[in-house]
$ cat work_34.txt   # compact mmCIF, C-alpha atoms
# COMPACT_ATOMS: atom_id res chain seq x y z
CA MET A 1 12.93 1.41 -13.00
CA ILE A 2 13.97 2.49 -9.50
CA LYS A 3 13.46 -0.22 -6.90
CA LEU A 4 12.66 0.88 -3.37
CA SER A 5 15.65 -0.96 -1.90
CA ASP A 6 18.03 0.85 -4.27
CA TYR A 7 16.47 4.23 -3.52
CA LEU A 8 16.72 3.76 0.24
CA LYS A 9 20.32 2.60 0.05
CA SER A 10 21.26 5.64 -2.03
CA GLU A 11 19.49 7.99 0.41
CA TYR A 12 20.55 6.43 3.71
CA GLY A 13 23.64 4.42 2.85
CA GLU A 14 22.14 1.18 4.14
CA LYS A 15 19.21 -1.13 3.67
CA ILE A 16 16.22 0.28 5.51
CA TYR A 17 13.63 -2.21 6.80
CA LYS A 18 9.94 -1.54 7.31
CA LEU A 19 8.42 -2.12 10.71
CA SER A 20 4.75 -3.06 10.33
CA LEU A 21 2.84 -1.29 13.10
CA SER A 22 -0.77 -0.83 14.21
CA SER A 23 -2.42 2.52 14.96
CA GLY A 24 -5.68 1.11 16.29
CA CYS A 25 -7.66 2.89 13.57
CA THR A 26 -10.63 1.33 11.86
CA CYS A 27 -12.10 2.34 8.48
CA PRO A 28 -15.13 4.45 7.49
CA ASN A 29 -15.98 1.68 5.07
CA ARG A 30 -16.30 -0.75 7.99
CA ASP A 31 -17.78 1.15 10.92
CA GLY A 32 -20.89 2.35 9.09
CA PHE A 33 -19.81 5.93 8.37
CA LEU A 34 -19.73 5.04 4.66
CA SER A 35 -20.52 1.34 4.64
CA PHE A 36 -20.05 -1.92 6.52
CA GLY A 37 -17.71 -4.80 5.78
CA GLY A 38 -14.99 -2.84 3.99
CA CYS A 39 -13.71 -3.55 0.50
CA THR A 40 -14.75 -7.05 -0.52
CA PHE A 41 -11.14 -8.26 -0.86
CA CYS A 42 -10.07 -6.94 2.54
CA SER A 43 -9.50 -9.39 5.39
CA GLU A 44 -10.34 -8.87 9.05
CA GLY A 45 -6.79 -7.61 9.45
CA GLY A 46 -7.55 -4.69 7.17
CA SER A 47 -4.88 -5.61 4.59
CA GLY A 48 -2.33 -5.57 7.38
CA ASP A 49 -2.27 -9.20 8.40
CA PHE A 50 1.45 -9.07 9.09
CA ALA A 51 1.32 -5.95 11.25
CA ALA A 52 2.13 -5.89 14.94
CA GLN A 53 -0.60 -6.44 17.49
CA LEU A 54 -1.96 -3.28 19.06
CA ALA A 55 0.19 -2.21 22.02
CA PRO A 56 2.02 0.94 23.13
CA ILE A 57 3.98 2.12 20.12
CA SER A 58 7.38 1.77 21.80
CA GLU A 59 6.61 -1.91 22.45
CA GLN A 60 5.42 -2.43 18.89
CA ILE A 61 8.57 -0.89 17.45
CA GLU A 62 10.93 -2.90 19.66
CA ASP A 63 9.03 -6.10 18.91
CA ALA A 64 9.08 -5.41 15.17
CA LYS A 65 12.82 -4.64 15.31
CA SER A 66 13.48 -7.93 17.09
CA ARG A 67 11.68 -9.79 14.30
CA VAL A 68 14.02 -8.40 11.63
CA ALA A 69 17.16 -8.47 13.77
CA SER A 70 18.36 -11.69 12.14
CA LYS A 71 18.19 -10.04 8.70
CA THR A 72 19.87 -6.72 9.38
CA ASP A 73 22.00 -4.66 11.70
CA ALA A 74 20.36 -1.48 10.37
CA SER A 75 20.00 1.45 12.70
CA LYS A 76 17.21 3.18 10.78
CA PHE A 77 13.70 1.94 9.96
CA ILE A 78 10.46 2.91 8.27
CA ALA A 79 7.51 3.06 10.67
CA TYR A 80 4.77 1.59 8.48
CA PHE A 81 1.18 1.86 9.67
CA GLN A 82 -0.58 -0.39 7.17
CA SER A 83 -3.76 -1.85 8.64
CA PHE A 84 -7.05 -0.12 7.97
CA THR A 85 -7.17 3.70 7.57
CA ASN A 86 -4.46 5.42 9.55
CA THR A 87 -5.76 8.98 9.23
CA TYR A 88 -9.26 8.06 10.42
CA GLY A 89 -9.86 8.64 14.10
CA ASP A 90 -9.35 11.08 16.96
CA ILE A 91 -6.86 13.57 15.55
CA SER A 92 -5.32 14.37 18.93
CA LYS A 93 -4.61 10.69 19.58
CA LEU A 94 -3.21 10.22 16.08
CA ARG A 95 -0.99 13.26 16.46
CA GLN A 96 0.36 11.93 19.78
CA LEU A 97 0.95 8.46 18.33
CA TYR A 98 2.75 9.64 15.21
CA GLU A 99 4.76 12.26 17.07
CA GLU A 100 6.05 9.65 19.50
CA THR A 101 6.97 7.50 16.51
CA ILE A 102 8.64 10.06 14.27
CA LEU A 103 10.75 11.63 17.01
CA ARG A 104 12.54 8.36 17.70
CA ASP A 105 16.15 8.30 16.51
CA ASP A 106 15.70 4.86 14.93
CA ILE A 107 12.78 5.96 12.73
CA ALA A 108 13.82 7.53 9.42
CA ILE A 109 10.43 7.63 7.66
CA LEU A 110 6.79 7.63 8.75
CA SER A 111 4.57 5.77 6.27
CA LEU A 112 0.77 5.81 6.62
CA GLY A 113 -1.68 3.69 4.68
CA THR A 114 -5.00 5.48 4.24
CA ARG A 115 -7.99 6.29 2.03
CA PRO A 116 -8.27 9.40 -0.16
CA ASP A 117 -11.51 10.38 1.61
CA CYS A 118 -9.84 10.54 5.04
CA LEU A 119 -7.58 13.53 4.51
CA GLY A 120 -9.41 16.48 6.03
CA ASP A 121 -7.76 19.81 6.78
CA ASP A 122 -6.81 18.77 10.32
CA VAL A 123 -5.14 15.63 9.00
CA MET A 124 -3.33 17.56 6.28
CA ASP A 125 -2.02 20.04 8.86
CA MET A 126 -0.73 17.13 10.94
CA LEU A 127 0.97 15.47 7.98
CA PHE A 128 2.52 18.73 6.83
CA TYR A 129 3.95 19.33 10.29
CA PHE A 130 5.46 15.85 10.63
CA ASN A 131 6.87 16.07 7.12
CA SER A 132 8.88 19.09 8.27
CA ILE A 133 10.58 16.81 10.83
CA LYS A 134 11.20 13.69 8.75
CA PRO A 135 9.81 12.31 5.48
CA VAL A 136 6.16 11.28 5.62
CA TRP A 137 4.88 8.84 3.02
CA VAL A 138 1.14 8.71 2.39
CA GLU A 139 0.06 5.41 0.84
CA LEU A 140 -3.29 5.60 -0.93
CA GLY A 141 -5.27 2.45 -1.66
CA LEU A 142 -6.62 3.16 -5.13
CA GLN A 143 -6.55 -0.40 -6.55
CA THR A 144 -8.22 0.65 -9.82
CA ILE A 145 -9.28 3.83 -11.64
CA HIS A 146 -12.44 2.15 -12.92
CA ASP A 147 -15.46 3.14 -10.83
CA LYS A 148 -17.46 0.16 -12.10
CA THR A 149 -14.89 -2.20 -10.58
CA ALA A 150 -14.60 -0.06 -7.46
CA ASN A 151 -18.36 -0.22 -6.91
CA ARG A 152 -18.28 -3.99 -7.25
CA LEU A 153 -15.52 -4.08 -4.62
CA ASN A 154 -17.42 -1.72 -2.28
CA ARG A 155 -14.49 0.72 -2.27
CA ALA A 156 -17.02 3.46 -1.44
CA TYR A 157 -15.35 6.42 -3.13
CA PRO A 158 -15.12 7.55 -6.79
CA LEU A 159 -11.97 8.33 -8.76
CA SER A 160 -12.66 12.06 -8.39
CA THR A 161 -12.05 11.71 -4.63
CA PHE A 162 -8.64 10.22 -5.31
CA ASP A 163 -7.84 13.06 -7.72
CA GLU A 164 -8.68 15.72 -5.13
CA ALA A 165 -6.72 13.97 -2.36
CA TYR A 166 -3.72 13.56 -4.62
CA ARG A 167 -3.76 17.25 -5.51
CA LYS A 168 -3.88 18.26 -1.83
CA LEU A 169 -1.07 15.92 -0.85
CA LYS A 170 1.24 17.08 -3.62
CA GLU A 171 0.50 20.74 -2.90
CA ALA A 172 1.61 20.01 0.68
CA ARG A 173 4.81 18.44 -0.75
CA LEU A 174 4.10 15.04 0.74
CA THR A 175 5.40 11.81 -0.75
CA VAL A 176 2.53 9.83 -2.31
CA ILE A 177 2.60 6.11 -3.01
CA VAL A 178 -0.38 4.47 -4.70
CA HIS A 179 -1.46 0.86 -4.34
CA ILE A 180 -3.00 -0.95 -7.30
CA ILE A 181 -4.26 -4.52 -7.68
CA LEU A 182 -4.01 -6.56 -10.87
CA GLY A 183 -6.50 -9.34 -11.52
CA LEU A 184 -9.61 -7.69 -10.11
CA PRO A 185 -12.83 -9.44 -11.20
CA GLY A 186 -14.16 -8.25 -14.54
CA GLU A 187 -11.09 -6.24 -15.54
CA THR A 188 -9.27 -6.86 -18.81
CA SER A 189 -5.57 -6.38 -19.37
CA ASP A 190 -6.38 -3.04 -21.01
CA ASP A 191 -8.35 -2.00 -17.91
CA MET A 192 -5.47 -2.87 -15.60
CA LEU A 193 -2.85 -1.14 -17.72
CA GLY A 194 -5.23 1.80 -18.06
CA THR A 195 -4.89 2.30 -14.31
CA VAL A 196 -1.11 2.27 -14.68
CA ARG A 197 -1.24 4.79 -17.55
CA TYR A 198 -3.45 7.09 -15.51
CA LEU A 199 -0.95 7.10 -12.65
CA ALA A 200 1.99 7.49 -15.05
CA GLU A 201 0.43 10.70 -16.40
CA LEU A 202 -0.37 12.36 -13.08
CA ASN A 203 0.84 15.92 -12.68
CA PRO A 204 2.64 16.55 -10.39
CA PRO A 205 4.31 13.18 -10.93
CA LEU A 206 3.61 10.25 -8.63
CA ASP A 207 6.40 9.35 -6.19
CA GLY A 208 5.89 5.62 -5.86
CA ILE A 209 3.69 2.67 -6.73
CA LYS A 210 2.85 -0.70 -5.21
CA ILE A 211 1.65 -3.37 -7.62
CA GLN A 212 0.00 -6.46 -6.22
CA MET A 213 -1.88 -9.49 -7.45
CA LEU A 214 -5.41 -9.91 -6.16
CA HIS A 215 -5.42 -12.30 -3.23
CA VAL A 216 -8.70 -14.12 -2.69
CA LEU A 217 -8.85 -14.74 1.04
CA LYS A 218 -10.99 -16.82 3.36
CA GLY A 219 -13.37 -14.79 5.50
CA THR A 220 -13.80 -12.02 2.93
CA VAL A 221 -16.84 -11.21 0.83
CA LEU A 222 -14.77 -11.76 -2.29
CA GLY A 223 -13.63 -15.12 -0.99
CA GLU A 224 -17.24 -16.20 -0.43
CA GLU A 225 -18.13 -15.02 -3.94
CA TYR A 226 -15.26 -17.00 -5.42
CA ILE A 227 -16.17 -20.22 -3.60
CA LYS A 228 -19.77 -19.96 -4.83
CA SER A 229 -18.95 -18.86 -8.37
CA PRO A 230 -15.25 -18.90 -9.27
CA PHE A 231 -14.04 -16.06 -11.50
CA PRO A 232 -10.86 -16.15 -13.60
CA ILE A 233 -7.58 -15.85 -11.71
CA LEU A 234 -4.44 -14.68 -13.48
CA SER A 235 -1.73 -17.28 -13.90
CA MET A 236 1.77 -16.46 -12.69
CA GLU A 237 2.84 -15.97 -16.30
CA GLU A 238 -0.06 -13.64 -17.07
CA TYR A 239 0.50 -11.60 -13.93
CA SER A 240 4.24 -11.32 -14.47
CA ALA A 241 3.76 -10.17 -18.07
CA LEU A 242 1.29 -7.50 -16.91
CA VAL A 243 3.73 -6.22 -14.29
CA ALA A 244 6.52 -6.07 -16.88
CA ASP A 245 4.19 -4.10 -19.19
CA ALA A 246 3.27 -1.79 -16.31
CA ILE A 247 6.94 -1.07 -15.56
CA LYS A 248 7.47 -0.11 -19.22
CA ILE A 249 4.58 2.38 -18.98
CA LEU A 250 5.78 4.06 -15.78
CA PRO A 251 8.23 6.98 -15.93
CA ASP A 252 11.73 6.03 -14.84
CA ASN A 253 11.63 8.32 -11.80
CA ILE A 254 8.69 6.57 -10.12
CA ILE A 255 9.93 4.32 -7.30
CA VAL A 256 8.54 0.79 -7.47
CA HIS A 257 7.82 -0.29 -3.90
CA ARG A 258 6.27 -3.64 -4.72
CA MET A 259 5.80 -5.91 -7.75
CA THR A 260 4.03 -8.76 -5.98
CA GLY A 261 2.71 -9.41 -2.50
CA ASP A 262 2.17 -11.93 0.26
CA GLY A 263 -1.22 -13.34 1.08
CA PRO A 264 -1.55 -14.79 4.60
CA GLY A 265 -0.92 -18.49 4.09
CA LYS A 266 -3.78 -19.70 6.29
CA LEU A 267 -6.28 -17.43 4.54
CA LEU A 268 -5.14 -17.69 0.92
CA ILE A 269 -7.58 -19.33 -1.48
CA GLU A 270 -6.06 -18.12 -4.75
CA PRO A 271 -3.66 -17.70 -6.45
CA ASP A 272 -1.70 -20.54 -4.93
CA TRP A 273 1.35 -19.64 -7.04
CA SER A 274 1.72 -16.36 -5.16
CA ARG A 275 3.07 -18.28 -2.16
CA ASN A 276 6.42 -18.58 -3.96
CA LYS A 277 7.31 -14.89 -3.97
CA ARG A 278 10.92 -15.41 -5.06
CA LYS A 279 9.84 -17.40 -8.12
CA VAL A 280 7.33 -14.72 -9.10
CA LEU A 281 9.87 -11.92 -8.72
CA ASN A 282 12.48 -13.85 -10.70
CA LEU A 283 10.04 -14.23 -13.60
CA ILE A 284 9.01 -10.57 -13.47
CA ASN A 285 12.61 -9.39 -13.44
CA LYS A 286 13.46 -11.74 -16.32
CA LEU A 287 10.63 -10.29 -18.42
CA ILE A 288 11.64 -6.72 -17.57
CA SER A 289 15.25 -7.40 -18.59
CA GLN A 290 14.08 -8.85 -21.91
CA ALA A 291 11.94 -5.80 -22.73

$ encode --input "work_34.txt" --output "structure tokens"
Amino acid sequence: MIKLSDYLKSEYGEKIYKLSLSSGCTCPNRDGFLSFGGCTFCSEGGSGDFAAQLAPISEQIEDAKSRVASKTDASKFIAYFQSFTNTYGDISKLRQLYEETILRDDIAILSLGTRPDCLGDDVMDMLFYFNSIKPVWVELGLQTIHDKTANRLNRAYPLSTFDEAYRKLKEARLTVIVHIILGLPGETSDDMLGTVRYLAELNPPLDGIKIQMLHVLKGTVLGEEYIKSPFPILSMEEYSALVADAIKILPDNIIVHRMTGDGPGKLLIEPDWSRNKRKVLNLINKLISQA
């Protein structure tokens, strides 16, 4: 297993921190182009509850750097646009925003969270161009390969859309990182690990993966469903064992960007155990070492 921190240190000679930034984009699954309300697990922050508030990008970057200044004296950072769909919007404005970002000396990598159905030819041309300047990471929110689950979550695109987007991105030689969620309602352990196996067998090979526990949050459709009719939530031990199994399935050259995640404390309904991230990671790493 290659951890992201180890990969970055080997590439850049120092620990590289992510700066969580906002592009001002919305999502076609929220504004009515595809649907309203977004994915049922997604909060009003668009899965970017820890991102900077919308402001001129130079201000966002300096503010984000000040927030990690006590942790690092690093000179290079990853500009991470996480909230909502960061390739969905006026292409000229996006190009200007990302150009201003990537040309900064303190930005080593541009990382964009997006949907597989928001990668038109104009977007691909933009990404290809920026990737010729500095590395561009495209982070796709897949969550699950199972369309039945995806329909229940109102993801609003089928697996075939992901497959086509992945092919285009790899043909353009872009770095692709895929997000998956363990513990989605109705999925068995075999279903969850089936998603991992699918990604492990992609050709060309996947660059990176983010694994996260489902967070049931206040103010989301899923949160309302859970309050009315609770569905099973993985225990810390069950989740950790699944992550350890997932790591065994993945090829050694896939970079693991995340093995657990943070739910906003004020919004988190379940799982309460996920608040103790260090404890969860310690258990996961213990299980991996015992494998």

$ closest_residue --input "work_34.txt" --among "A:Val136, A:Val221, A:Val178, A:Ile269" --to "Ile255 (chain A)" --atoms "only C-alpha atoms"
A:Val178

$ atom_distance --input "work_34.txt" --atom1 "CA of Val256 (chain A)" --atom2 "CA of Asp6 (chain A)"
10.0 Å

$ closest_residue --input "work_34.txt" --among "A:Phe36, A:Tyr80, A:Phe41, A:Tyr198" --to "Glu270 (chain A)" --atoms "all atoms listed in the file"
A:Phe41

$ residues_around --input "work_34.txt" --residues "Gln96 (chain A)" --least-positions-apart "6" --cutoff "12 Å" --atoms "all atoms listed in the file" --output "MDAnalysis selection string"
chainID A and resid 23 56:57 90 102:103 126 130

$ atom_distance --input "work_34.txt" --atom1 "CA of Ala241 (chain A)" --atom2 "CA of Ile209 (chain A)"
17.1 Å

$ closest_residue --input "work_34.txt" --among "A:Thr26, A:Thr175, A:Thr101, A:Gln82" --to "Phe128 (chain A)" --atoms "only C-alpha atoms"
A:Thr175

$ closest_residue --input "work_34.txt" --among "A:Ser189, A:Ser240, A:Asn131, A:Thr87" --to "Ala108 (chain A)" --atoms "only C-alpha atoms"
A:Asn131

$ build_atoms --input "work_34.txt" --residues "region 180-192 of chain A" --atoms "N, CA, C and O atoms" --output "CSV table (one decimal), in the coordinates of the input"
chain,number,residue,atom,x,y,z
A,180,ILE,N,-2.1,-0.4,-6.3
A,180,ILE,CA,-3.0,-1.0,-7.3
A,180,ILE,C,-3.0,-2.5,-7.2
A,180,ILE,O,-2.0,-3.1,-6.8
A,181,ILE,N,-4.1,-3.1,-7.7
A,181,ILE,CA,-4.3,-4.5,-7.7
A,181,ILE,C,-4.5,-5.0,-9.1
A,181,ILE,O,-5.4,-4.4,-9.8
A,182,LEU,N,-3.8,-5.9,-9.6
A,182,LEU,CA,-4.0,-6.6,-10.9
A,182,LEU,C,-4.8,-7.8,-10.7
A,182,LEU,O,-4.6,-8.6,-9.7
A,183,GLY,N,-5.7,-8.1,-11.6
A,183,GLY,CA,-6.5,-9.3,-11.5
A,183,GLY,C,-7.8,-9.2,-10.9
A,183,GLY,O,-8.5,-10.2,-10.5
A,184,LEU,N,-8.3,-7.9,-10.7
A,184,LEU,CA,-9.6,-7.7,-10.1
A,184,LEU,C,-10.7,-8.3,-11.0
A,184,LEU,O,-10.6,-8.2,-12.2
A,185,PRO,N,-11.8,-8.8,-10.4
A,185,PRO,CA,-12.8,-9.4,-11.2
A,185,PRO,C,-13.4,-8.5,-12.3
A,185,PRO,O,-13.7,-7.3,-12.0
A,186,GLY,N,-13.5,-9.0,-13.5
A,186,GLY,CA,-14.2,-8.2,-14.5
A,186,GLY,C,-13.2,-7.3,-15.3
A,186,GLY,O,-13.6,-6.8,-16.3
A,187,GLU,N,-12.0,-7.2,-14.8
A,187,GLU,CA,-11.1,-6.2,-15.5
A,187,GLU,C,-10.3,-7.0,-16.6
A,187,GLU,O,-9.7,-8.1,-16.3
A,188,THR,N,-10.1,-6.3,-17.7
A,188,THR,CA,-9.3,-6.9,-18.8
A,188,THR,C,-7.8,-6.3,-18.6
A,188,THR,O,-7.6,-5.5,-17.8
A,189,SER,N,-6.9,-6.9,-19.4
A,189,SER,CA,-5.6,-6.4,-19.4
A,189,SER,C,-5.5,-4.9,-19.7
A,189,SER,O,-4.8,-4.1,-19.1
A,190,ASP,N,-6.3,-4.5,-20.7
A,190,ASP,CA,-6.4,-3.0,-21.0
A,190,ASP,C,-6.9,-2.2,-19.8
A,190,ASP,O,-6.4,-1.1,-19.6
A,191,ASP,N,-7.8,-2.7,-19.1
A,191,ASP,CA,-8.4,-2.0,-17.9
A,191,ASP,C,-7.2,-1.8,-16.9
A,191,ASP,O,-7.0,-0.7,-16.3
A,192,MET,N,-6.5,-2.9,-16.6
A,192,MET,CA,-5.5,-2.9,-15.6
A,192,MET,C,-4.3,-1.9,-16.0
A,192,MET,O,-3.9,-1.1,-15.2
